[in-house]
Amino acid sequence: MTAHTLYAQQAVLGAGDALEIAPALIRTAGSRIVSVARGTRDELERDGQWPSDVDVDLLDERTLLAPAFINAHTHLAMVVFRGLELEAMHGNVVEDLYYRVERNVTAADVEAFARLGAYDCLLGGQAMVFDHYYHGDAVARACRDVGIGAVIAPTLQDSGGPGEALCEQGLRETADIDADSALAERGIVSCLGPHASDTVSDELFARALALADSRSLPLHLHAAQSLEEHQRSHQRHGCSPFARLARLGVMGGADGDATRPGALLVHALYASDADLALVGERDMLGYCPYGQVCFDHPAAVFQWLDLRCRVALGTDCAGANDGMNVQQELRAVAAAFAFGTAHSSAHQAFEQSGEAEAASAVRETRQRWLERGKQHLVPARLLASVWSQPGSLHPRARAGVIEPGALANLTLFDCAHPALWPARDPLRALVWGDAASAVTHVLVAGHWRGERGNFARSLLDSDDYREARAEADRRLTELLDRL
Ligand SMILES: [Zn+2]
């Protein structure tokens, strides 16, 4: 069993709003953090707590030891769609384009493409991704090979979409991954992945919920992600997607059910206040601002936050937005209020009149949004959406916190790197800066990935990466030929 003893002069401790940066000695064993002792090296020595086996001594003030980022919603294999033509984005890109290609993709293709997506995430300082895709076992193998943790949701779909034939397999894979202790030791677990409210029947939801109950697994699904989904729900079920999901018992906390963890409901673009009132205390809304900007519009995240919904951030697939860097999504949340001003009716009035009074109204609109957002735009609260919040969803894969029992998923940042310097408030720098370029090492379930100080280069120069890329190149060529 691998074990580490790390000392950091600057470790990010605590969770949620209550984060602090303090010196600490952290011990890991296998995939987990087993102890956290606060104190400087001098203090620990004085108390007889300084061990002889410290293998990573981060005495320097420039290194920040933080929980590794969690990407709470992605489809790793869809990195293969990166750079697709923007014309495809005008309609419903999921149904018009993805489904057509996905009918031609094999499990081996998914494994090869997912490896490239996993490397992209790892390089951004992520040690856990919530993946949702067909051939979940292939995605799990890809994550294991690359060395990144994952909560795998094999996509379940029985009412339209390319996954109908894979539905039984998806349920089996969910149970198999959950029972695989070797994968769990690498930080790879499973959850239930109904695709979306309009592609899953009541019967399939019932089977998914039964499996979730019996294995204590969370759910991860798209919910109210498109206008079509909203319309279909009203036509077929006489209610909104969220109302139907609540009726089916998908919302984990809504009925006081004590055994099942919550549900991660992703996108919620067409969700009213009444819909959001159905979200339970243990549930979470998935926000993917850059992806949503590309496939429809960014979700009304201030509506969610004002209604006290918990938020987890994801990148969605690189096919929609070209990016897999979840840290950059933080900047989009932090800046969300300002974009509202540019497209407000006050600004439209100013565009037409150009008058001083109309200009003042624009500024007032901006101040109103800033006031509304002030409480939500605190760095610790924003960081919770890539750390402790998604990290609390799966009971057997707690992450996003430096605490005993949590997965040993840690990222080292160089605060003297020009991308973060001078980092007087390192948490603020992690929200607003380009933190991925300052990543110097990542620990995934107790295993270091790459070389410290030469992190990205050492991974990209490895034979593993070269082989992964060669296979993905070959399979992409063959896929395009088949299409
Ligand atoms: Zn998605």
# chains A, B, ... in the order shown; residues from 1 in each chain; ligands from 1
call {"tool": "closest_atom_pairs", "arguments": {"of": "chain A", "to": "ligand 1", "cutoff": "10 Å", "atoms": "only C-alpha atoms and all ligand atoms", "output": "CSV"}}
result
residue,atom,partner,partner_atom_place_in_ligand_line,distance
A:His73,CA,ligand 1,1 (Zn),6.4
A:Thr74,CA,ligand 1,1 (Zn),5.9
A:His75,CA,ligand 1,1 (Zn),6.5
A:Met78,CA,ligand 1,1 (Zn),9.8
A:Val94,CA,ligand 1,1 (Zn),9.1
A:Asp131,CA,ligand 1,1 (Zn),8.7
A:His132,CA,ligand 1,1 (Zn),7.2
A:Tyr133,CA,ligand 1,1 (Zn),8.9
A:His195,CA,ligand 1,1 (Zn),8.7
A:Ala196,CA,ligand 1,1 (Zn),9.4
A:His220,CA,ligand 1,1 (Zn),9.9
A:Leu221,CA,ligand 1,1 (Zn),8.2
A:His222,CA,ligand 1,1 (Zn),6.5
A:Ala223,CA,ligand 1,1 (Zn),9.8
A:Gln225,CA,ligand 1,1 (Zn),8.8
A:Val266,CA,ligand 1,1 (Zn),7.2
A:His267,CA,ligand 1,1 (Zn),8.0
A:Gly286,CA,ligand 1,1 (Zn),9.4
A:Cys288,CA,ligand 1,1 (Zn),8.6
A:Gly291,CA,ligand 1,1 (Zn),8.5
A:Gln292,CA,ligand 1,1 (Zn),9.5
A:Gly314,CA,ligand 1,1 (Zn),8.9
A:Thr315,CA,ligand 1,1 (Zn),8.5
A:Asp316,CA,ligand 1,1 (Zn),4.9
A:Cys317,CA,ligand 1,1 (Zn),6.4
A:Ala320,CA,ligand 1,1 (Zn),9.2
call {"tool": "write_last_selection", "arguments": {"atoms": "C-alpha atoms", "output": "mmCIF file, in the first residue's frame"}}
result
data_model
loop_
_atom_site.group_PDB
_atom_site.id
_atom_site.type_symbol
_atom_site.label_atom_id
_atom_site.label_comp_id
_atom_site.auth_asym_id
_atom_site.auth_seq_id
_atom_site.Cartn_x
_atom_site.Cartn_y
_atom_site.Cartn_z
ATOM 1 C CA HIS A 73 -20.052 16.994 -15.317
ATOM 2 C CA THR A 74 -18.265 15.822 -18.399
ATOM 3 C CA HIS A 75 -18.235 13.260 -21.169
ATOM 4 C CA MET A 78 -16.629 13.464 -26.496
ATOM 5 C CA VAL A 94 -27.338 16.768 -28.943
ATOM 6 C CA ASP A 131 -18.370 11.237 -16.391
ATOM 7 C CA HIS A 132 -21.628 10.355 -18.132
ATOM 8 C CA TYR A 133 -21.396 8.197 -21.236
ATOM 9 C CA HIS A 195 -29.518 10.344 -19.645
ATOM 10 C CA ALA A 196 -32.195 13.047 -19.415
ATOM 11 C CA HIS A 220 -26.307 12.041 -12.233
ATOM 12 C CA LEU A 221 -28.534 13.195 -15.070
ATOM 13 C CA HIS A 222 -29.293 16.002 -17.499
ATOM 14 C CA ALA A 223 -32.446 17.809 -16.415
ATOM 15 C CA GLN A 225 -31.384 21.033 -20.581
ATOM 16 C CA VAL A 266 -27.220 19.120 -14.731
ATOM 17 C CA HIS A 267 -28.018 22.290 -16.703
ATOM 18 C CA GLY A 286 -24.692 21.105 -12.264
ATOM 19 C CA CYS A 288 -21.361 24.282 -17.024
ATOM 20 C CA GLY A 291 -20.773 24.570 -22.501
ATOM 21 C CA GLN A 292 -24.199 26.108 -21.928
ATOM 22 C CA GLY A 314 -18.443 21.042 -14.728
ATOM 23 C CA THR A 315 -17.050 21.622 -18.188
ATOM 24 C CA ASP A 316 -19.508 19.381 -20.017
ATOM 25 C CA CYS A 317 -17.884 17.991 -23.154
ATOM 26 C CA ALA A 320 -19.555 21.917 -26.953
#
call {"tool": "select_by_dssp", "arguments": {"residues": "range 338-429 of chain A", "states": "strand (DSSP E)", "output": "list in words"}}
result
Leu410, Thr411, Leu412, Phe413 and Asp414 of chain A
call {"tool": "residues_around", "arguments": {"residues": "Leu420 in chain A", "least_positions_apart": "2", "cutoff": "12 Å", "atoms": "only C-alpha atoms", "output": "list in words"}}
result
Arg62, Thr63, Leu64, Phe413, Asp414, Cys415, Ala416, His417, Pro418, Pro422, Ala423, Arg424, Asp425, Pro426, Leu427, Arg428, Ala429, Leu430, Val431, Trp432, Gly433, Asp434, Ala435, Ala436, Ser437, Ala438 and Val439 of chain A
call {"tool": "closest_residue", "arguments": {"among": "A:Gly187, A:Gly319, A:Gly170, A:Gly160", "to": "Glu229 in chain A", "atoms": "only C-alpha atoms"}}
result
A:Gly160
call {"tool": "select_by_dssp", "arguments": {"residues": "range 169-362 of chain A", "states": "alpha helix (DSSP H)", "output": "CSV table (one decimal) with N, CA and C atoms, in the first residue's frame"}}
result
chain,number,residue,atom,x,y,z
A,169,GLN,N,-26.9,-3.1,-20.6
A,169,GLN,CA,-25.4,-3.2,-20.3
A,169,GLN,C,-25.0,-2.0,-19.4
A,170,GLY,N,-25.7,-0.9,-19.5
A,170,GLY,CA,-25.4,0.3,-18.6
A,170,GLY,C,-25.7,0.0,-17.2
A,171,LEU,N,-26.8,-0.7,-16.9
A,171,LEU,CA,-27.2,-1.0,-15.6
A,171,LEU,C,-26.2,-2.0,-15.0
A,172,ARG,N,-25.8,-3.0,-15.8
A,172,ARG,CA,-24.8,-4.0,-15.4
A,172,ARG,C,-23.5,-3.3,-15.0
A,173,GLU,N,-23.1,-2.4,-15.9
A,173,GLU,CA,-21.8,-1.8,-15.7
A,173,GLU,C,-21.8,-1.0,-14.4
A,174,THR,N,-22.9,-0.3,-14.2
A,174,THR,CA,-23.0,0.5,-13.0
A,174,THR,C,-22.8,-0.4,-11.7
A,175,ALA,N,-23.4,-1.5,-11.7
A,175,ALA,CA,-23.3,-2.4,-10.6
A,175,ALA,C,-21.9,-3.0,-10.5
A,176,ASP,N,-21.3,-3.4,-11.7
A,176,ASP,CA,-20.0,-4.0,-11.7
A,176,ASP,C,-18.9,-3.0,-11.3
A,177,ILE,N,-19.0,-1.8,-11.7
A,177,ILE,CA,-17.9,-0.8,-11.3
A,177,ILE,C,-18.1,-0.6,-9.8
A,178,ASP,N,-19.3,-0.5,-9.3
A,178,ASP,CA,-19.5,-0.3,-7.9
A,178,ASP,C,-18.9,-1.4,-7.1
A,179,ALA,N,-18.9,-2.6,-7.6
A,179,ALA,CA,-18.5,-3.8,-6.9
A,179,ALA,C,-17.0,-4.0,-7.0
A,181,SER,N,-13.4,-3.4,-6.2
A,181,SER,CA,-12.6,-2.7,-5.2
A,181,SER,C,-11.3,-2.2,-5.7
A,182,ALA,N,-10.8,-2.9,-6.7
A,182,ALA,CA,-9.5,-2.4,-7.3
A,182,ALA,C,-9.7,-1.0,-7.9
A,183,LEU,N,-10.8,-0.8,-8.6
A,183,LEU,CA,-11.1,0.5,-9.2
A,183,LEU,C,-11.3,1.5,-8.1
A,184,ALA,N,-12.1,1.1,-7.1
A,184,ALA,CA,-12.3,2.0,-6.0
A,184,ALA,C,-11.0,2.5,-5.3
A,185,GLU,N,-10.1,1.7,-5.3
A,185,GLU,CA,-8.8,2.0,-4.7
A,185,GLU,C,-8.0,3.0,-5.5
A,202,ASP,N,-40.6,6.1,-17.3
A,202,ASP,CA,-40.9,5.9,-15.9
A,202,ASP,C,-40.3,4.6,-15.4
A,203,GLU,N,-40.4,3.5,-16.2
A,203,GLU,CA,-40.0,2.2,-15.8
A,203,GLU,C,-38.5,2.2,-15.6
A,204,LEU,N,-37.7,2.8,-16.5
A,204,LEU,CA,-36.3,2.8,-16.4
A,204,LEU,C,-35.8,3.6,-15.2
A,205,PHE,N,-36.5,4.7,-15.0
A,205,PHE,CA,-36.2,5.5,-13.8
A,205,PHE,C,-36.4,4.7,-12.5
A,206,ALA,N,-37.5,3.9,-12.5
A,206,ALA,CA,-37.8,3.0,-11.3
A,206,ALA,C,-36.7,2.0,-11.1
A,207,ARG,N,-36.2,1.4,-12.2
A,207,ARG,CA,-35.1,0.5,-12.1
A,207,ARG,C,-33.8,1.1,-11.6
A,208,ALA,N,-33.5,2.3,-12.2
A,208,ALA,CA,-32.3,3.1,-11.8
A,208,ALA,C,-32.4,3.4,-10.3
A,209,LEU,N,-33.6,3.9,-9.8
A,209,LEU,CA,-33.7,4.3,-8.4
A,209,LEU,C,-33.6,3.0,-7.5
A,210,ALA,N,-34.1,1.9,-8.0
A,210,ALA,CA,-34.0,0.7,-7.1
A,210,ALA,C,-32.5,0.3,-6.9
A,211,LEU,N,-31.7,0.4,-8.0
A,211,LEU,CA,-30.3,0.1,-8.0
A,211,LEU,C,-29.6,1.1,-7.1
A,212,ALA,N,-29.9,2.4,-7.2
A,212,ALA,CA,-29.3,3.4,-6.4
A,212,ALA,C,-29.6,3.2,-4.9
A,213,ASP,N,-30.9,2.8,-4.6
A,213,ASP,CA,-31.2,2.5,-3.2
A,213,ASP,C,-30.5,1.4,-2.7
A,214,SER,N,-30.4,0.3,-3.5
A,214,SER,CA,-29.8,-0.9,-2.9
A,214,SER,C,-28.3,-0.8,-2.8
A,215,ARG,N,-27.6,0.1,-3.5
A,215,ARG,CA,-26.2,0.2,-3.4
A,215,ARG,C,-25.8,1.6,-2.9
A,227,LEU,N,-35.1,23.2,-24.7
A,227,LEU,CA,-36.5,23.5,-24.9
A,227,LEU,C,-37.3,22.3,-25.3
A,228,GLU,N,-36.8,21.5,-26.1
A,228,GLU,CA,-37.5,20.2,-26.6
A,228,GLU,C,-37.8,19.4,-25.4
A,229,GLU,N,-36.9,19.2,-24.4
A,229,GLU,CA,-37.1,18.4,-23.3
A,229,GLU,C,-38.3,19.0,-22.4
A,230,HIS,N,-38.3,20.3,-22.3
A,230,HIS,CA,-39.3,21.0,-21.5
A,230,HIS,C,-40.7,20.7,-22.2
A,231,GLN,N,-40.7,20.9,-23.6
A,231,GLN,CA,-42.0,20.7,-24.3
A,231,GLN,C,-42.5,19.3,-24.2
A,232,ARG,N,-41.6,18.3,-24.4
A,232,ARG,CA,-42.0,16.9,-24.4
A,232,ARG,C,-42.5,16.5,-23.0
A,233,SER,N,-41.9,17.1,-22.0
A,233,SER,CA,-42.4,16.7,-20.6
A,233,SER,C,-43.8,17.2,-20.4
A,234,HIS,N,-44.1,18.4,-20.9
A,234,HIS,CA,-45.5,18.9,-20.8
A,234,HIS,C,-46.5,18.1,-21.7
A,235,GLN,N,-46.0,17.7,-22.9
A,235,GLN,CA,-46.9,16.9,-23.8
A,235,GLN,C,-47.2,15.5,-23.2
A,236,ARG,N,-46.1,14.9,-22.8
A,236,ARG,CA,-46.2,13.5,-22.4
A,236,ARG,C,-46.7,13.3,-20.9
A,237,HIS,N,-46.2,14.2,-20.1
A,237,HIS,CA,-46.5,13.9,-18.6
A,237,HIS,C,-47.3,15.0,-18.0
A,241,PRO,N,-40.1,19.1,-16.5
A,241,PRO,CA,-39.2,18.0,-16.3
A,241,PRO,C,-38.9,17.8,-14.8
A,242,PHE,N,-38.7,18.9,-14.1
A,242,PHE,CA,-38.3,18.8,-12.6
A,242,PHE,C,-39.5,18.2,-11.8
A,243,ALA,N,-40.7,18.6,-12.2
A,243,ALA,CA,-41.9,18.1,-11.5
A,243,ALA,C,-42.0,16.6,-11.7
A,244,ARG,N,-41.8,16.2,-12.9
A,244,ARG,CA,-41.8,14.7,-13.1
A,244,ARG,C,-40.7,14.0,-12.4
A,245,LEU,N,-39.5,14.5,-12.4
A,245,LEU,CA,-38.4,13.9,-11.7
A,245,LEU,C,-38.7,13.8,-10.2
A,246,ALA,N,-39.3,14.8,-9.6
A,246,ALA,CA,-39.7,14.8,-8.2
A,246,ALA,C,-40.7,13.8,-7.9
A,247,ARG,N,-41.7,13.7,-8.9
A,247,ARG,CA,-42.8,12.7,-8.7
A,247,ARG,C,-42.3,11.3,-8.7
A,248,LEU,N,-41.2,11.1,-9.6
A,248,LEU,CA,-40.6,9.7,-9.7
A,248,LEU,C,-39.7,9.4,-8.5
A,273,ASP,N,-38.8,28.8,-10.6
A,273,ASP,CA,-38.6,28.8,-9.1
A,273,ASP,C,-39.3,27.7,-8.5
A,274,ALA,N,-40.6,27.3,-9.0
A,274,ALA,CA,-41.3,26.2,-8.4
A,274,ALA,C,-40.6,24.9,-8.7
A,275,ASP,N,-39.9,24.8,-9.8
A,275,ASP,CA,-39.1,23.6,-10.1
A,275,ASP,C,-38.0,23.5,-9.1
A,276,LEU,N,-37.3,24.6,-8.9
A,276,LEU,CA,-36.1,24.5,-8.1
A,276,LEU,C,-36.4,24.3,-6.6
A,289,PRO,N,-21.0,26.7,-17.4
A,289,PRO,CA,-21.3,27.9,-18.1
A,289,PRO,C,-20.8,27.9,-19.6
A,290,TYR,N,-19.5,27.5,-19.8
A,290,TYR,CA,-19.0,27.7,-21.2
A,290,TYR,C,-19.7,26.7,-22.1
A,291,GLY,N,-20.0,25.5,-21.7
A,291,GLY,CA,-20.8,24.6,-22.5
A,291,GLY,C,-22.2,25.1,-22.8
A,292,GLN,N,-22.8,25.6,-21.8
A,292,GLN,CA,-24.2,26.1,-21.9
A,292,GLN,C,-24.3,27.3,-22.9
A,293,VAL,N,-23.2,28.2,-22.8
A,293,VAL,CA,-23.2,29.3,-23.7
A,293,VAL,C,-23.2,28.8,-25.2
A,294,CYS,N,-22.5,27.7,-25.4
A,294,CYS,CA,-22.4,27.2,-26.8
A,294,CYS,C,-23.6,26.4,-27.2
A,295,PHE,N,-24.2,25.6,-26.4
A,295,PHE,CA,-25.4,24.8,-26.9
A,295,PHE,C,-26.7,25.4,-26.7
A,301,VAL,N,-27.7,31.2,-12.9
A,301,VAL,CA,-27.1,30.7,-11.7
A,301,VAL,C,-27.5,31.5,-10.4
A,302,PHE,N,-27.7,32.8,-10.6
A,302,PHE,CA,-28.1,33.6,-9.5
A,302,PHE,C,-29.5,33.2,-8.9
A,303,GLN,N,-30.4,32.8,-9.9
A,303,GLN,CA,-31.7,32.2,-9.4
A,303,GLN,C,-31.4,31.0,-8.5
A,304,TRP,N,-30.5,30.1,-8.9
A,304,TRP,CA,-30.2,28.9,-8.1
A,304,TRP,C,-29.6,29.3,-6.8
A,305,LEU,N,-28.7,30.2,-6.8
A,305,LEU,CA,-28.0,30.6,-5.6
A,305,LEU,C,-28.9,31.3,-4.6
A,306,ASP,N,-29.8,32.2,-5.2
A,306,ASP,CA,-30.7,32.9,-4.3
A,306,ASP,C,-31.7,31.9,-3.7
A,318,ALA,N,-15.9,18.7,-24.3
A,318,ALA,CA,-15.1,19.6,-25.1
A,318,ALA,C,-15.8,19.8,-26.5
A,319,GLY,N,-16.7,18.9,-26.9
A,319,GLY,CA,-17.4,19.1,-28.2
A,319,GLY,C,-18.2,20.3,-28.2
A,320,ALA,N,-18.7,20.7,-27.0
A,320,ALA,CA,-19.6,21.9,-27.0
A,320,ALA,C,-18.7,23.2,-26.8
A,321,ASN,N,-17.7,23.1,-26.0
A,321,ASN,CA,-17.0,24.4,-25.7
A,321,ASN,C,-15.5,24.4,-25.9
A,326,VAL,N,-11.9,22.9,-15.6
A,326,VAL,CA,-13.0,23.3,-14.8
A,326,VAL,C,-12.7,24.5,-14.0
A,327,GLN,N,-11.4,24.8,-13.8
A,327,GLN,CA,-11.0,26.0,-13.0
A,327,GLN,C,-11.5,27.2,-13.8
A,328,GLN,N,-11.4,27.2,-15.1
A,328,GLN,CA,-11.8,28.4,-15.9
A,328,GLN,C,-13.3,28.6,-15.8
A,329,GLU,N,-14.1,27.6,-15.5
A,329,GLU,CA,-15.5,27.8,-15.3
A,329,GLU,C,-15.8,28.7,-14.1
A,330,LEU,N,-14.9,28.6,-13.1
A,330,LEU,CA,-15.1,29.5,-11.9
A,330,LEU,C,-15.1,31.0,-12.3
A,331,ARG,N,-14.3,31.3,-13.2
A,331,ARG,CA,-14.2,32.7,-13.7
A,331,ARG,C,-15.5,33.1,-14.3
A,332,ALA,N,-16.1,32.2,-15.0
A,332,ALA,CA,-17.4,32.5,-15.7
A,332,ALA,C,-18.5,32.8,-14.6
A,333,VAL,N,-18.5,32.0,-13.5
A,333,VAL,CA,-19.5,32.2,-12.5
A,333,VAL,C,-19.2,33.6,-11.8
A,334,ALA,N,-18.0,33.8,-11.5
A,334,ALA,CA,-17.6,35.1,-10.9
A,334,ALA,C,-18.0,36.3,-11.7
A,335,ALA,N,-18.0,36.1,-13.0
A,335,ALA,CA,-18.2,37.3,-13.9
A,335,ALA,C,-19.7,37.3,-14.4
A,336,ALA,N,-20.5,36.3,-14.0
A,336,ALA,CA,-21.8,36.1,-14.6
A,336,ALA,C,-22.7,37.4,-14.5
A,337,PHE,N,-22.6,38.1,-13.4
A,337,PHE,CA,-23.5,39.2,-13.2
A,337,PHE,C,-23.2,40.3,-14.2
A,338,ALA,N,-22.0,40.5,-14.6
A,338,ALA,CA,-21.7,41.6,-15.5
A,338,ALA,C,-22.2,41.4,-16.9
A,339,PHE,N,-22.3,40.2,-17.3
A,339,PHE,CA,-22.9,39.9,-18.7
A,339,PHE,C,-24.4,40.3,-18.7
A,340,GLY,N,-25.0,40.1,-17.6
A,340,GLY,CA,-26.5,40.5,-17.5
A,340,GLY,C,-26.6,41.9,-17.9
A,341,THR,N,-25.7,42.8,-17.4
A,341,THR,CA,-25.8,44.2,-17.6
A,341,THR,C,-25.7,44.6,-19.1
A,342,ALA,N,-24.8,43.9,-19.8
A,342,ALA,CA,-24.6,44.2,-21.2
A,342,ALA,C,-25.9,43.9,-22.1
A,345,SER,N,-32.4,45.4,-20.5
A,345,SER,CA,-33.2,46.4,-21.2
A,345,SER,C,-32.7,47.8,-21.0
A,346,ALA,N,-32.0,48.1,-19.8
A,346,ALA,CA,-31.4,49.4,-19.6
A,346,ALA,C,-30.3,49.7,-20.6
A,347,HIS,N,-29.5,48.6,-21.0
A,347,HIS,CA,-28.5,48.8,-22.0
A,347,HIS,C,-29.1,49.0,-23.3
A,348,GLN,N,-30.2,48.3,-23.6
A,348,GLN,CA,-30.8,48.4,-24.9
A,348,GLN,C,-31.4,49.9,-25.1
A,349,ALA,N,-31.9,50.4,-24.0
A,349,ALA,CA,-32.4,51.8,-24.0
A,349,ALA,C,-31.3,52.8,-24.3
A,350,PHE,N,-30.2,52.5,-23.6
A,350,PHE,CA,-29.0,53.4,-23.8
A,350,PHE,C,-28.5,53.3,-25.3
A,351,GLU,N,-28.5,52.1,-25.8
A,351,GLU,CA,-28.0,51.9,-27.2
A,351,GLU,C,-28.8,52.8,-28.2
A,352,GLN,N,-30.1,52.9,-27.9
A,352,GLN,CA,-31.0,53.7,-28.8
A,352,GLN,C,-30.9,55.2,-28.6
A,353,SER,N,-30.8,55.6,-27.3
A,353,SER,CA,-30.9,57.0,-27.0
A,353,SER,C,-29.5,57.7,-26.8
A,356,ALA,N,-27.5,60.7,-21.3
A,356,ALA,CA,-26.8,60.6,-19.9
A,356,ALA,C,-27.6,59.8,-18.9
A,357,GLU,N,-28.9,60.0,-19.0
A,357,GLU,CA,-29.8,59.4,-18.0
A,357,GLU,C,-29.8,57.9,-18.3
A,358,ALA,N,-29.8,57.5,-19.6
A,358,ALA,CA,-29.8,56.1,-19.9
A,358,ALA,C,-28.5,55.4,-19.5
A,359,ALA,N,-27.4,56.2,-19.6
A,359,ALA,CA,-26.1,55.7,-19.2
A,359,ALA,C,-26.1,55.4,-17.7
A,360,SER,N,-26.7,56.3,-17.0
A,360,SER,CA,-26.7,56.1,-15.5
A,360,SER,C,-27.5,54.9,-15.2
A,361,ALA,N,-28.6,54.6,-16.0
A,361,ALA,CA,-29.4,53.5,-15.7
A,361,ALA,C,-28.6,52.2,-15.9
A,362,VAL,N,-27.7,52.2,-16.9
A,362,VAL,CA,-26.9,51.0,-17.1
A,362,VAL,C,-26.0,50.8,-15.9
call {"tool": "residues_around", "arguments": {"residues": "Cys167 in chain A", "least_positions_apart": "6", "cutoff": "9 Å", "atoms": "only C-alpha atoms", "output": "ChimeraX atom specification"}}
result
/A:134,154-158
call {"tool": "closest_residue", "arguments": {"among": "A:Leu382, A:Leu307, A:Val146, A:Ala77", "to": "Arg466 in chain A", "atoms": "only C-alpha atoms"}}
result
A:Val146
call {"tool": "closest_residue", "arguments": {"among": "A:Ala140, A:Ala470, A:Cys121, A:Ala299", "to": "Ser190 in chain A", "atoms": "only C-alpha atoms"}}
result
A:Ala140
call {"tool": "closest_residue", "arguments": {"among": "A:Val442, A:Ala142, A:Leu76, A:Val386", "to": "Gly323 in chain A", "atoms": "only C-alpha atoms"}}
result
A:Leu76
call {"tool": "closest_residue", "arguments": {"among": "A:Ala419, A:Ala8, A:Met324, A:Ile188", "to": "Gly124 in chain A", "atoms": "only C-alpha atoms"}}
result
A:Met324
call {"tool": "atom_distance", "arguments": {"atom1": "CA of Phe69 in chain A", "atom2": "CA of Gly391 in chain A"}}
result
9.3 Å
call {"tool": "closest_atom_pairs", "arguments": {"of": "range 21-105 of chain A", "to": "range 405-412 of chain A", "cutoff": "7 Å", "atoms": "only C-alpha atoms", "output": "JSON lines"}}
result
{"residue": "A:Thr28", "atom": "CA", "partner": "A:Ala408", "partner_atom": "CA", "distance": 6.5}
{"residue": "A:Ser31", "atom": "CA", "partner": "A:Ala408", "partner_atom": "CA", "distance": 5.6}
{"residue": "A:Arg32", "atom": "CA", "partner": "A:Leu407", "partner_atom": "CA", "distance": 4.4}
{"residue": "A:Ile33", "atom": "CA", "partner": "A:Ala408", "partner_atom": "CA", "distance": 5.0}
{"residue": "A:Val34", "atom": "CA", "partner": "A:Gly405", "partner_atom": "CA", "distance": 6.0}
{"residue": "A:Thr63", "atom": "CA", "partner": "A:Leu412", "partner_atom": "CA", "distance": 6.5}
{"residue": "A:Leu64", "atom": "CA", "partner": "A:Leu412", "partner_atom": "CA", "distance": 5.6}
{"residue": "A:Leu65", "atom": "CA", "partner": "A:Leu412", "partner_atom": "CA", "distance": 4.8}
{"residue": "A:Ala66", "atom": "CA", "partner": "A:Thr411", "partner_atom": "CA", "distance": 5.4}
{"residue": "A:Pro67", "atom": "CA", "partner": "A:Leu410", "partner_atom": "CA", "distance": 4.6}
{"residue": "A:Ala68", "atom": "CA", "partner": "A:Leu410", "partner_atom": "CA", "distance": 4.4}
call {"tool": "atom_distance", "arguments": {"atom1": "CA of Asp42 in chain A", "atom2": "CA of Leu59 in chain A"}}
result
11.2 Å
